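Undergrad: Supplied structure: structure03.txt, compact mmCIF, C-alpha atoms and all ligand atoms.
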```txt
# COMPACT_ATOMS: atom_id res chain seq x y z
CA MET A 1 -18.54 -15.80 11.93
CA ALA A 2 -14.93 -14.61 11.72
CA TYR A 3 -13.26 -16.37 8.81
CA LYS A 4 -9.55 -16.79 8.28
CA THR A 5 -7.68 -14.68 5.73
CA ASP A 6 -7.47 -17.50 3.17
CA THR A 7 -11.26 -17.87 3.27
CA ILE A 8 -11.91 -14.12 3.03
CA CYS A 9 -9.68 -13.98 -0.09
CA VAL A 10 -12.07 -16.26 -1.98
CA GLN A 11 -15.41 -15.51 -0.28
CA GLY A 12 -15.16 -11.92 0.97
CA GLY A 13 -16.80 -8.76 -0.31
CA TYR A 14 -19.65 -10.22 -2.35
CA ARG A 15 -22.53 -12.56 -1.63
CA PRO A 16 -25.08 -12.93 -4.44
CA LYS A 17 -28.79 -13.20 -3.87
CA SER A 18 -30.59 -16.20 -5.33
CA GLY A 19 -30.27 -16.25 -9.12
CA GLU A 20 -27.60 -13.53 -9.28
CA GLU A 21 -24.11 -13.84 -10.77
CA ARG A 22 -21.77 -15.92 -8.57
CA ILE A 23 -18.93 -13.43 -9.01
CA PRO A 24 -19.51 -9.66 -9.12
CA PRO A 25 -20.47 -8.54 -12.62
CA ILE A 26 -18.69 -5.53 -14.11
CA SER A 27 -21.19 -2.72 -13.53
CA GLN A 28 -20.13 -0.71 -16.56
CA SER A 29 -22.45 2.22 -15.95
CA THR A 30 -21.70 5.72 -14.76
CA THR A 31 -25.19 6.24 -13.48
CA TYR A 32 -28.17 4.57 -11.74
CA PHE A 33 -31.91 4.76 -12.18
CA TYR A 34 -34.41 5.64 -9.42
CA GLU A 35 -38.19 5.88 -9.66
CA LYS A 36 -38.68 8.10 -6.62
CA THR A 37 -36.98 11.42 -5.91
CA GLN A 38 -36.92 10.59 -2.20
CA ASP A 39 -34.86 7.42 -2.83
CA MET A 40 -32.16 9.51 -4.44
CA ALA A 41 -32.42 12.23 -1.76
CA ASP A 42 -31.82 9.58 0.91
CA LEU A 43 -28.65 8.51 -0.86
CA PHE A 44 -27.38 12.09 -1.01
CA ASP A 45 -28.15 12.50 2.69
CA LEU A 46 -26.28 9.25 3.50
CA LYS A 47 -29.53 7.90 5.00
CA ALA A 48 -29.49 4.89 2.65
CA ASP A 49 -26.78 2.80 1.01
CA GLY A 50 -26.71 2.65 -2.76
CA TYR A 51 -25.32 4.14 -5.91
CA PHE A 52 -25.99 7.34 -7.75
CA TYR A 53 -22.83 8.08 -9.69
CA THR A 54 -19.77 5.92 -10.31
CA ARG A 55 -17.34 8.69 -9.31
CA LEU A 56 -18.57 8.08 -5.74
CA ALA A 57 -19.54 4.42 -5.63
CA ASN A 58 -20.09 1.48 -7.96
CA PRO A 59 -21.25 -2.10 -7.22
CA THR A 60 -18.15 -3.81 -8.67
CA VAL A 61 -15.82 -1.43 -6.87
CA ALA A 62 -17.88 -1.98 -3.70
CA ALA A 63 -17.33 -5.75 -3.94
CA PHE A 64 -13.57 -5.25 -4.06
CA GLU A 65 -13.70 -2.60 -1.31
CA GLY A 66 -15.60 -5.08 0.86
CA LYS A 67 -13.07 -7.82 0.23
CA VAL A 68 -10.01 -5.70 1.10
CA ALA A 69 -11.72 -4.14 4.14
CA ALA A 70 -12.60 -7.64 5.42
CA LEU A 71 -9.06 -8.90 4.76
CA GLU A 72 -7.60 -6.03 6.77
CA GLY A 73 -10.25 -6.22 9.50
CA GLY A 74 -11.41 -2.63 8.86
CA VAL A 75 -14.91 -1.14 8.66
CA ALA A 76 -14.84 0.37 5.15
CA GLY A 77 -12.71 0.47 2.01
CA ILE A 78 -12.42 3.12 -0.67
CA GLY A 79 -11.30 1.98 -4.11
CA CYS A 80 -9.04 4.53 -5.82
CA SER A 81 -7.63 4.84 -9.32
CA SER A 82 -4.07 4.01 -8.13
CA GLY A 83 -2.02 3.57 -4.99
CA MET A 84 -0.80 7.15 -5.37
CA ALA A 85 -4.43 8.35 -5.53
CA ALA A 86 -5.13 6.46 -2.28
CA THR A 87 -2.26 8.18 -0.45
CA THR A 88 -3.12 11.60 -1.92
CA LEU A 89 -6.79 11.30 -0.91
CA THR A 90 -5.76 10.15 2.58
CA ALA A 91 -3.56 13.22 3.01
CA PHE A 92 -6.23 15.61 1.73
CA THR A 93 -8.92 14.11 3.96
CA VAL A 94 -7.05 15.27 7.06
CA CYS A 95 -4.54 17.94 5.98
CA GLY A 96 -4.90 21.53 4.88
CA ALA A 97 -2.35 24.33 4.42
CA GLY A 98 -0.28 24.73 7.59
CA ASP A 99 -0.65 21.08 8.64
CA ASN A 100 2.07 18.46 8.56
CA ILE A 101 2.67 14.75 8.10
CA VAL A 102 5.34 12.86 10.05
CA SER A 103 6.59 10.12 7.75
CA SER A 104 9.20 7.40 7.64
CA SER A 105 11.85 8.22 5.03
CA ALA A 106 11.89 4.54 3.98
CA ILE A 107 8.93 4.74 1.63
CA TYR A 108 8.16 4.23 -2.06
CA GLY A 109 9.78 6.94 -4.26
CA GLY A 110 6.45 8.16 -5.66
CA THR A 111 5.06 8.68 -2.15
CA PHE A 112 8.29 10.41 -1.16
CA ASN A 113 7.87 12.85 -4.08
CA LEU A 114 4.23 13.49 -3.13
CA PHE A 115 5.23 14.28 0.46
CA ALA A 116 8.51 16.10 -0.20
CA VAL A 117 7.70 18.07 -3.38
CA THR A 118 4.00 18.24 -4.28
CA LEU A 119 2.21 18.62 -0.93
CA PRO A 120 4.54 21.45 0.23
CA LYS A 121 3.36 23.49 -2.80
CA LEU A 122 -0.09 23.37 -1.15
CA GLY A 123 1.25 24.32 2.26
CA ILE A 124 1.38 20.78 3.67
CA GLU A 125 4.78 19.96 5.14
CA THR A 126 6.27 16.50 5.67
CA ARG A 127 8.78 15.82 8.43
CA PHE A 128 10.73 12.68 7.61
CA PHE A 129 12.24 10.36 10.20
CA ASP A 130 14.68 7.48 9.98
CA PRO A 131 12.52 4.46 10.89
CA ASP A 132 15.42 3.07 12.96
CA ALA A 133 15.54 6.22 15.13
CA PRO A 134 14.42 5.92 18.76
CA ALA A 135 10.81 6.83 19.61
CA GLU A 136 11.84 9.97 21.56
CA GLU A 137 13.55 11.38 18.47
CA ILE A 138 10.61 10.67 16.16
CA GLU A 139 8.18 12.08 18.72
CA LYS A 140 9.92 15.46 18.63
CA LEU A 141 8.62 15.93 15.06
CA VAL A 142 4.98 15.82 16.21
CA ASP A 143 3.32 19.14 16.98
CA GLY A 144 -0.22 20.52 17.22
CA ARG A 145 -0.59 20.59 13.42
CA THR A 146 0.51 16.99 12.79
CA LYS A 147 -2.39 15.18 11.13
CA LEU A 148 -0.83 11.89 10.07
CA ILE A 149 2.00 9.53 11.01
CA PHE A 150 2.96 7.43 7.98
CA GLY A 151 5.09 4.37 7.22
CA GLU A 152 5.31 1.26 5.00
CA THR A 153 5.07 -2.25 6.47
CA VAL A 154 7.83 -3.38 4.10
CA ALA A 155 9.57 -0.44 2.48
CA ASN A 156 10.15 -0.32 -1.28
CA PRO A 157 13.06 -0.76 -2.21
CA SER A 158 14.98 -0.81 1.10
CA ILE A 159 12.92 -3.80 2.42
CA LYS A 160 12.95 -2.31 5.95
CA VAL A 161 10.22 -3.67 8.23
CA LEU A 162 8.17 -1.12 10.19
CA ASP A 163 8.29 -1.13 13.97
CA PHE A 164 4.53 -0.79 14.46
CA GLU A 165 4.48 -0.61 18.23
CA LYS A 166 7.07 2.18 18.33
CA LEU A 167 5.01 4.33 15.96
CA SER A 168 1.56 3.47 17.26
CA GLY A 169 2.76 4.36 20.77
CA ILE A 170 3.64 7.87 19.56
CA ALA A 171 0.41 8.16 17.56
CA LYS A 172 -1.78 7.12 20.51
CA LYS A 173 0.03 9.37 22.99
CA HIS A 174 -0.59 12.43 20.79
CA GLY A 175 -3.98 11.43 19.34
CA VAL A 176 -2.65 11.40 15.75
CA LEU A 177 -3.90 9.12 12.97
CA PHE A 178 -1.41 6.38 12.11
CA ALA A 179 -1.55 5.33 8.43
CA VAL A 180 0.34 2.36 7.02
CA ASP A 181 1.03 1.45 3.40
CA ASN A 182 0.63 -2.35 3.54
CA THR A 183 1.17 -2.94 -0.20
CA LEU A 184 4.20 -5.21 -0.09
CA ALA A 185 3.16 -7.24 2.96
CA THR A 186 -0.57 -7.55 2.13
CA PRO A 187 -3.08 -8.54 4.85
CA VAL A 188 -2.04 -12.15 4.30
CA LEU A 189 1.36 -11.50 5.90
CA CYS A 190 0.59 -8.54 8.19
CA ARG A 191 -2.57 -6.92 9.53
CA PRO A 192 -1.61 -3.40 10.63
CA PHE A 193 -4.86 -2.75 12.55
CA GLU A 194 -3.85 -5.50 14.99
CA TRP A 195 -0.68 -3.50 15.69
CA GLY A 196 -2.26 -0.11 16.30
CA ALA A 197 -2.66 1.39 12.80
CA ASP A 198 -5.78 3.51 12.17
CA LEU A 199 -5.73 3.49 8.35
CA VAL A 200 -4.30 1.04 5.83
CA ILE A 201 -3.37 2.03 2.29
CA HIS A 202 -2.69 -0.24 -0.67
CA SER A 203 -1.44 0.00 -4.16
CA THR A 204 -3.68 -2.85 -5.34
CA SER A 205 -1.69 -2.72 -8.60
CA LYS A 206 0.85 -4.95 -6.83
CA TYR A 207 0.20 -8.29 -5.04
CA MET A 208 -3.52 -7.65 -4.54
CA ASP A 209 -4.23 -7.83 -8.29
CA GLY A 210 -1.07 -9.89 -8.63
CA HIS A 211 -1.09 -10.24 -12.42
CA ALA A 212 0.12 -6.78 -13.53
CA ALA A 213 -3.29 -6.29 -15.14
CA ALA A 214 -5.03 -3.49 -13.23
CA LEU A 215 -3.88 -0.25 -11.65
CA GLY A 216 -5.65 0.53 -8.39
CA GLY A 217 -5.46 1.74 -4.82
CA MET A 218 -7.41 1.19 -1.62
CA ILE A 219 -7.87 3.06 1.65
CA VAL A 220 -9.19 0.99 4.56
CA ASP A 221 -10.65 2.70 7.61
CA GLY A 222 -10.02 0.81 10.87
CA GLY A 223 -13.02 2.66 12.32
CA LYS A 224 -11.64 3.02 15.84
CA PHE A 225 -9.86 6.38 15.76
CA PRO A 226 -11.36 8.79 18.33
CA PHE A 227 -12.18 11.83 16.17
CA LYS A 228 -15.04 13.00 18.42
CA GLY A 229 -13.93 16.04 20.42
CA ASN A 230 -10.29 15.63 19.28
CA PRO A 231 -9.04 19.24 18.91
CA ARG A 232 -6.42 18.10 16.38
CA TYR A 233 -9.17 17.36 13.83
CA PRO A 234 -11.58 20.33 13.66
CA SER A 235 -12.67 19.35 10.14
CA PHE A 236 -14.19 16.18 11.63
CA ASN A 237 -15.89 18.04 14.47
CA GLU A 238 -17.28 21.07 12.67
CA PRO A 239 -20.21 20.97 10.20
CA ASP A 240 -19.15 20.36 6.58
CA GLU A 241 -20.98 23.15 4.78
CA SER A 242 -20.26 21.47 1.45
CA TYR A 243 -22.19 18.42 2.66
CA HIS A 244 -25.41 19.70 4.27
CA GLY A 245 -23.64 20.55 7.55
CA LEU A 246 -22.64 16.93 8.27
CA VAL A 247 -20.34 16.46 11.29
CA TYR A 248 -18.22 13.42 10.40
CA ALA A 249 -17.16 12.68 14.00
CA ASP A 250 -20.87 12.23 14.90
CA LEU A 251 -21.34 9.34 12.45
CA PRO A 252 -21.84 5.96 14.11
CA ALA A 253 -18.98 4.38 12.07
CA ALA A 254 -16.30 4.99 9.44
CA ALA A 255 -15.91 8.76 9.97
CA PHE A 256 -12.66 8.86 7.98
CA ALA A 257 -13.95 6.79 5.05
CA THR A 258 -17.17 8.81 4.88
CA LYS A 259 -15.35 12.16 4.80
CA CYS A 260 -12.85 10.82 2.31
CA ARG A 261 -15.57 9.65 -0.07
CA ALA A 262 -18.14 12.41 0.44
CA GLN A 263 -15.62 15.25 0.19
CA MET A 264 -12.40 14.13 -1.44
CA MET A 265 -13.59 11.51 -3.91
CA ARG A 266 -16.41 13.85 -4.86
CA ASP A 267 -13.99 16.72 -5.52
CA MET A 268 -10.99 14.87 -6.96
CA GLY A 269 -12.68 12.00 -8.72
CA ALA A 270 -9.79 9.54 -8.40
CA MET A 271 -12.15 6.54 -8.35
CA MET A 272 -11.19 2.98 -9.25
CA SER A 273 -12.77 1.88 -12.54
CA PRO A 274 -15.29 -1.01 -12.45
CA GLN A 275 -13.16 -3.00 -14.91
CA ASN A 276 -10.06 -2.66 -12.72
CA ALA A 277 -12.07 -3.48 -9.61
CA PHE A 278 -13.27 -6.69 -11.29
CA LEU A 279 -9.73 -7.74 -12.27
CA SER A 280 -8.38 -6.88 -8.82
CA TRP A 281 -11.22 -8.70 -7.07
CA LEU A 282 -10.47 -11.77 -9.17
CA GLY A 283 -6.73 -11.52 -8.50
CA ALA A 284 -7.27 -11.24 -4.75
CA ASP A 285 -9.05 -14.65 -4.77
CA THR A 286 -5.61 -16.30 -4.85
CA LEU A 287 -3.73 -13.75 -2.72
CA ALA A 288 -3.17 -16.08 0.25
CA LEU A 289 -1.79 -18.87 -1.92
CA ARG A 290 0.41 -16.53 -3.91
CA MET A 291 1.89 -14.76 -0.85
CA GLU A 292 2.88 -18.11 0.61
CA ARG A 293 4.74 -18.98 -2.61
CA HIS A 294 6.24 -15.49 -3.12
CA SER A 295 7.60 -15.63 0.44
CA SER A 296 9.06 -19.14 0.24
CA ASN A 297 10.58 -18.47 -3.19
CA ALA A 298 12.15 -15.20 -1.98
CA GLN A 299 13.52 -16.91 1.10
CA LYS A 300 15.24 -19.52 -1.10
CA VAL A 301 16.55 -16.91 -3.53
CA ALA A 302 17.82 -14.71 -0.67
CA ALA A 303 19.69 -17.63 0.88
CA TYR A 304 21.19 -18.57 -2.51
CA LEU A 305 22.34 -14.99 -3.24
CA ALA A 306 23.70 -14.47 0.29
CA ALA A 307 26.04 -17.44 -0.24
CA HIS A 308 27.18 -16.39 -3.76
CA PRO A 309 30.78 -15.11 -4.06
CA LYS A 310 29.82 -12.38 -6.57
CA ILE A 311 27.18 -10.88 -4.27
CA ASP A 312 28.12 -8.08 -1.91
CA TRP A 313 25.00 -8.01 0.30
CA VAL A 314 21.33 -9.12 0.31
CA TRP A 315 18.38 -7.42 2.01
CA HIS A 316 15.47 -9.73 2.88
CA ALA A 317 14.05 -10.06 6.37
CA SER A 318 13.99 -13.88 6.15
CA LEU A 319 17.80 -13.93 6.46
CA PRO A 320 18.77 -14.50 10.12
CA GLY A 321 21.49 -11.85 9.92
CA ASN A 322 19.15 -9.18 8.50
CA LYS A 323 18.67 -6.09 10.66
CA TYR A 324 14.87 -6.43 10.40
CA HIS A 325 14.69 -10.19 11.00
CA ALA A 326 13.36 -9.85 14.58
CA LEU A 327 10.73 -7.26 13.56
CA ALA A 328 9.64 -9.51 10.67
CA GLU A 329 9.32 -12.51 13.01
CA LYS A 330 7.07 -10.43 15.24
CA TYR A 331 4.91 -8.67 12.64
CA MET A 332 5.10 -11.04 9.62
CA PRO A 333 5.62 -14.54 11.04
CA LYS A 334 3.95 -16.31 8.09
CA GLY A 335 6.43 -14.98 5.50
CA GLN A 336 8.31 -11.85 4.52
CA GLY A 337 7.03 -11.39 0.98
CA GLY A 338 8.68 -11.60 -2.42
CA MET A 339 10.67 -8.36 -2.58
CA LEU A 340 14.40 -8.32 -2.03
CA SER A 341 17.34 -6.11 -2.91
CA PHE A 342 20.95 -7.12 -3.37
CA GLY A 343 24.28 -5.63 -4.40
CA ILE A 344 26.55 -7.12 -7.05
CA LYS A 345 30.26 -6.83 -6.34
CA GLY A 346 31.83 -4.32 -8.70
CA ASP A 347 30.57 -1.12 -10.24
CA VAL A 348 27.44 0.03 -12.02
CA LYS A 349 28.60 -1.66 -15.28
CA GLN A 350 28.67 -5.10 -13.63
CA ALA A 351 25.12 -4.64 -12.40
CA ALA A 352 23.95 -3.60 -15.89
CA ARG A 353 25.75 -6.59 -17.47
CA PHE A 354 24.01 -8.91 -15.01
CA MET A 355 20.59 -7.44 -15.79
CA GLU A 356 21.05 -7.88 -19.52
CA ALA A 357 22.18 -11.49 -19.13
CA LEU A 358 18.94 -12.56 -17.40
CA GLN A 359 16.74 -14.72 -19.59
CA LEU A 360 13.68 -15.68 -17.53
CA ILE A 361 13.57 -12.71 -15.16
CA THR A 362 12.60 -9.53 -16.99
CA GLN A 363 13.56 -5.88 -16.44
CA GLU A 364 10.52 -3.86 -15.34
CA THR A 365 9.68 -0.88 -13.18
CA HIS A 366 6.74 -2.89 -11.80
CA VAL A 367 7.01 -5.17 -8.78
CA ALA A 368 4.91 -7.72 -6.92
CA ASP A 369 3.16 -9.75 -9.54
CA VAL A 370 3.36 -13.43 -10.41
CA ARG A 371 6.37 -13.04 -12.75
CA SER A 372 9.87 -12.44 -11.39
CA CYS A 373 11.29 -9.10 -12.44
CA VAL A 374 14.26 -6.86 -11.71
CA LEU A 375 15.16 -3.20 -11.75
CA HIS A 376 18.55 -1.52 -11.54
CA PRO A 377 17.68 1.92 -10.11
CA ALA A 378 21.14 3.45 -10.79
CA SER A 379 20.74 2.96 -14.55
CA THR A 380 16.97 3.62 -14.73
CA THR A 381 14.75 5.35 -12.14
CA HIS A 382 17.67 7.02 -10.31
CA ARG A 383 20.04 7.55 -13.27
CA GLN A 384 20.20 11.33 -12.76
CA LEU A 385 21.85 10.89 -9.34
CA THR A 386 25.61 10.83 -8.72
CA LYS A 387 27.25 7.96 -6.86
CA ALA A 388 27.26 10.03 -3.64
CA GLU A 389 23.61 11.03 -4.09
CA LEU A 390 22.67 7.39 -4.67
CA GLU A 391 24.36 6.40 -1.38
CA GLU A 392 22.55 9.20 0.42
CA ALA A 393 19.19 8.02 -0.98
CA GLY A 394 19.92 4.53 0.37
CA VAL A 395 20.15 3.16 -3.18
CA PRO A 396 23.80 2.19 -3.77
CA GLU A 397 24.85 2.01 -7.43
CA ASN A 398 25.19 -1.77 -7.31
CA LEU A 399 21.65 -2.26 -5.90
CA VAL A 400 19.40 -4.58 -7.88
CA ARG A 401 15.76 -4.82 -6.83
CA LEU A 402 14.31 -8.27 -7.42
CA SER A 403 10.62 -9.03 -7.18
CA VAL A 404 10.49 -12.80 -6.81
CA GLY A 405 7.56 -14.36 -8.65
CA ILE A 406 5.80 -17.68 -8.20
CA GLU A 407 7.71 -19.64 -10.84
CA ALA A 408 9.57 -22.82 -9.79
CA PRO A 409 12.31 -21.57 -7.43
CA GLU A 410 14.90 -23.78 -9.18
CA ASP A 411 14.26 -21.93 -12.47
CA ILE A 412 14.60 -18.49 -10.85
CA ILE A 413 17.87 -19.51 -9.20
CA ALA A 414 19.19 -21.10 -12.41
CA ASP A 415 18.56 -17.84 -14.28
CA LEU A 416 20.38 -15.81 -11.60
CA GLU A 417 23.25 -18.35 -11.69
CA GLN A 418 23.79 -18.12 -15.45
CA ALA A 419 23.58 -14.31 -15.41
CA LEU A 420 26.04 -14.00 -12.50
CA ALA A 421 28.46 -16.28 -14.41
CA LYS A 422 28.58 -13.57 -17.13
CA VAL A 423 29.53 -10.77 -14.72
N1 LIG B 501 3.06 2.11 -2.35
C1 LIG B 501 4.03 1.22 -2.65
C2 LIG B 501 4.71 0.48 -1.54
C3 LIG B 501 4.40 1.00 -3.98
O1 LIG B 501 5.36 0.10 -4.26
C4 LIG B 501 3.74 1.72 -5.01
C5 LIG B 501 4.09 1.54 -6.42
O2 LIG B 501 5.07 0.89 -6.78
C6 LIG B 501 2.75 2.66 -4.65
C7 LIG B 501 2.43 2.81 -3.31
C8 LIG B 501 2.03 3.48 -5.68
O3 LIG B 501 1.06 2.69 -6.29
P1 LIG B 501 0.50 2.92 -7.77
O4 LIG B 501 1.60 2.62 -8.72
O5 LIG B 501 -0.65 1.95 -7.84
O6 LIG B 501 0.05 4.34 -7.86
```
Could I get this structure in the form of structure tokens?
TA:
Amino acid sequence: MAYKTDTICVQGGYRPKSGEERIPPISQSTTYFYEKTQDMADLFDLKADGYFYTRLANPTVAAFEGKVAALEGGVAGIGCSSGMAATTLTAFTVCGAGDNIVSSSAIYGGTFNLFAVTLPKLGIETRFFDPDAPAEEIEKLVDGRTKLIFGETVANPSIKVLDFEKLSGIAKKHGVLFAVDNTLATPVLCRPFEWGADLVIHSTSKYMDGHAAALGGMIVDGGKFPFKGNPRYPSFNEPDESYHGLVYADLPAAAFATKCRAQMMRDMGAMMSPQNAFLSWLGADTLALRMERHSSNAQKVAAYLAAHPKIDWVWHASLPGNKYHALAEKYMPKGQGGMLSFGIKGDVKQAARFMEALQLITQETHVADVRSCVLHPASTTHRQLTKAELEEAGVPENLVRLSVGIEAPEDIIADLEQALAKV
């Protein structure tokens, strides 16, 4: 039976047998015992499901993988040590030296660094596009060595909403995998597979855990990408000599997830820990409820800020005048999430004064947990940039990023009000 997202949040990923723990226990063991050599051989040959070493699979991690895969409507999940590990493993599963990624430029700064600085050192190029550019312009970046088209459902910190159909049209036409970072929307607000994505990536450290307790990442395989016979992906169609000559495209399901785990997780070891999987699994129980509240709180805060005389501009797709309002209505009709950015009138000093005057809302580099928090990039994460460089990076010096929590909206607004009075 196909359950709704709210039900999958609390029931997905784990079903105990009679007499077993009702919620997944923390399997705090690196290794697993088998009586028969053949049982273990079958696991190595992927002929049986099970566990032999926690770097590759673990029961607690599997419960969380199952929950996120079910929430997204995919066929398999891979729990990773962080969101960055999930994106790195995704890139390495399909790219080698000489290949390229075609990516939106409106993405999280850490992912931008990975694509723009680190992967090129290994011979993997990234061609960035402005997500507002027309399809024909973006399409020109795709060539025979393009292995991945990449974007974020809701970009951090520019809060741009991805035009899924534009990008999936290009991906389908050229037979390229389309991967989407769905961290800030979550499957409660947007399900990228329904809009043509092939892979979904999460930093589960954000809303999925939701309590700022556990770092983690997840890759979800949609299971529908046609790897078989696709000349763009020889590594899926040729025998993997490091894995008994397995041809991933010949597998009945989850070719991407199987290659990612059998090759990349094996070699790089960026596995989610059982403890973090447990905390994230628990957090995700309330994801649907929390996203509803994050979205409605952010909508109220955005409307309040937009009407405030000391505020220059506000970016949140719930605002009718926002450039991404129509895309958000199409792809995220249930709510636009808790992240917003705004500019305070005046210079960098006014923004800093505002931040320090906040009493309830705290300054943090983290986003997307239950507590409201703010960051002023120009005086923290982007402080090395000049005013002109900040503008170019799409982070004006007066930009404040606000992650709206699930506190009473009146209290969040009252805190903003008293801090703005001091500017
Ligand atoms: N993707 C997005 C949209 C993010 O906001 C972040 C972190 O802030 C990441 C990926 C990276 O995740 P992690 O910090 O878990 O490595």
Undergrad: Might you pull out every residue within 9 Å of Ile159 of chain A, with all atoms listed in the file counted and same-chain residues fewer than 2 positions away left off, and present them as a list in words?
TA: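 Near neighbours after the sequence-gap exclusion: Ala106, Thr153, Val154, Ala155, Asn156, Pro157, Val161, Trp315, His316, Ala317, Tyr324, Met339, Leu340 and Ser341 of chain A.
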Undergrad: Go ahead and compute the interatomic distance for atom C2 of ligand LIG 501 (chain B) and atom CA of Asp132 of chain A, in Å to one decimal.
TA: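 Going from atom C2 of ligand LIG 501 (chain B) over to atom CA of Asp132 of chain A covers 18.2 Å.
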Undergrad: Which polymer residues have any atom within 7 Å of an atom of Arg266 of chain A, counting all atoms listed in the file, with same-chain residues fewer than 5 positions away left out, as a PyMOL selection string?
TA: chain A and resi 55-56+261
Undergrad: Counting all atoms listed in the file, which of A:Ile26, A:Met84, A:Leu327, A:Ile361 gets nearest to Glu407 of chain A?
TA: A:Ile361
Undergrad: Using all atoms listed in the file, find each residue with an atom at most 6 Å away from ligand LIG 501 (chain B) and format the answer as a list in words.
TA: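 Residues lying within 6 Å of ligand LIG 501 (chain B): Ser82, Gly83, Met84, Tyr108, Asn156, Thr183, Leu184, Ser203, Ser205, Leu215, Gly216 and Gly217 of chain A.
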Undergrad: Expressed in Å to a single decimal, how great is the separation between atom CA of Gly110 of chain A and atom CA of Asn398 of chain A?
TA: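 Distance between the two atoms: 21.3 Å.
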Undergrad: One number please: atom CA of Ser104 of chain A to atom CA of Gly394 of chain A, in Å, one decimal.
TA: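 Pair atom CA of Ser104 of chain A / atom CA of Gly394 of chain A returns 13.3 Å.
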Undergrad: Can you list, as a ChimeraX atom specification, every protein, DNA or RNA residue that comes within 12 Å of Pro25 of chain A when you count all atoms listed in the file, leaving out same-chain residues fewer than 3 positions away?
TA: /A:14-16,20-22,28-29,58-64,274-279,281-282
Undergrad: Dump as a PDB file with C-alpha atoms, in the frame of the given file all residues having an atom at most 10 Å from (15.6, -2.3, -10.7), computed in the file's coordinates with all atoms listed in the file.
TA:
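This went into selection_17.pdb:
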```
ATOM      1  CA  PRO A 157      13.060  -0.760  -2.210  1.00  0.00           C
ATOM      2  CA  SER A 341      17.340  -6.110  -2.910  1.00  0.00           C
ATOM      3  CA  ALA A 351      25.120  -4.640 -12.400  1.00  0.00           C
ATOM      4  CA  ALA A 352      23.950  -3.600 -15.890  1.00  0.00           C
ATOM      5  CA  MET A 355      20.590  -7.440 -15.790  1.00  0.00           C
ATOM      6  CA  GLN A 363      13.560  -5.880 -16.440  1.00  0.00           C
ATOM      7  CA  GLU A 364      10.520  -3.860 -15.340  1.00  0.00           C
ATOM      8  CA  THR A 365       9.680  -0.880 -13.180  1.00  0.00           C
ATOM      9  CA  HIS A 366       6.740  -2.890 -11.800  1.00  0.00           C
ATOM     10  CA  VAL A 367       7.010  -5.170  -8.780  1.00  0.00           C
ATOM     11  CA  CYS A 373      11.290  -9.100 -12.440  1.00  0.00           C
ATOM     12  CA  VAL A 374      14.260  -6.860 -11.710  1.00  0.00           C
ATOM     13  CA  LEU A 375      15.160  -3.200 -11.750  1.00  0.00           C
ATOM     14  CA  HIS A 376      18.550  -1.520 -11.540  1.00  0.00           C
ATOM     15  CA  PRO A 377      17.680   1.920 -10.110  1.00  0.00           C
ATOM     16  CA  ALA A 378      21.140   3.450 -10.790  1.00  0.00           C
ATOM     17  CA  SER A 379      20.740   2.960 -14.550  1.00  0.00           C
ATOM     18  CA  THR A 380      16.970   3.620 -14.730  1.00  0.00           C
ATOM     19  CA  THR A 381      14.750   5.350 -12.140  1.00  0.00           C
ATOM     20  CA  HIS A 382      17.670   7.020 -10.310  1.00  0.00           C
ATOM     21  CA  LEU A 399      21.650  -2.260  -5.900  1.00  0.00           C
ATOM     22  CA  VAL A 400      19.400  -4.580  -7.880  1.00  0.00           C
ATOM     23  CA  ARG A 401      15.760  -4.820  -6.830  1.00  0.00           C
ATOM     24  CA  LEU A 402      14.310  -8.270  -7.420  1.00  0.00           C
ATOM     25  CA  SER A 403      10.620  -9.030  -7.180  1.00  0.00           C
TER      26      SER A 403
END
```
Undergrad: For Val142 of chain A, which of A:Leu177, A:Val370, A:Ala85, A:Ile344 is the closest residue, counting all atoms listed in the file?
TA: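 Distance minimum relative to Val142 of chain A lands on A:Leu177.
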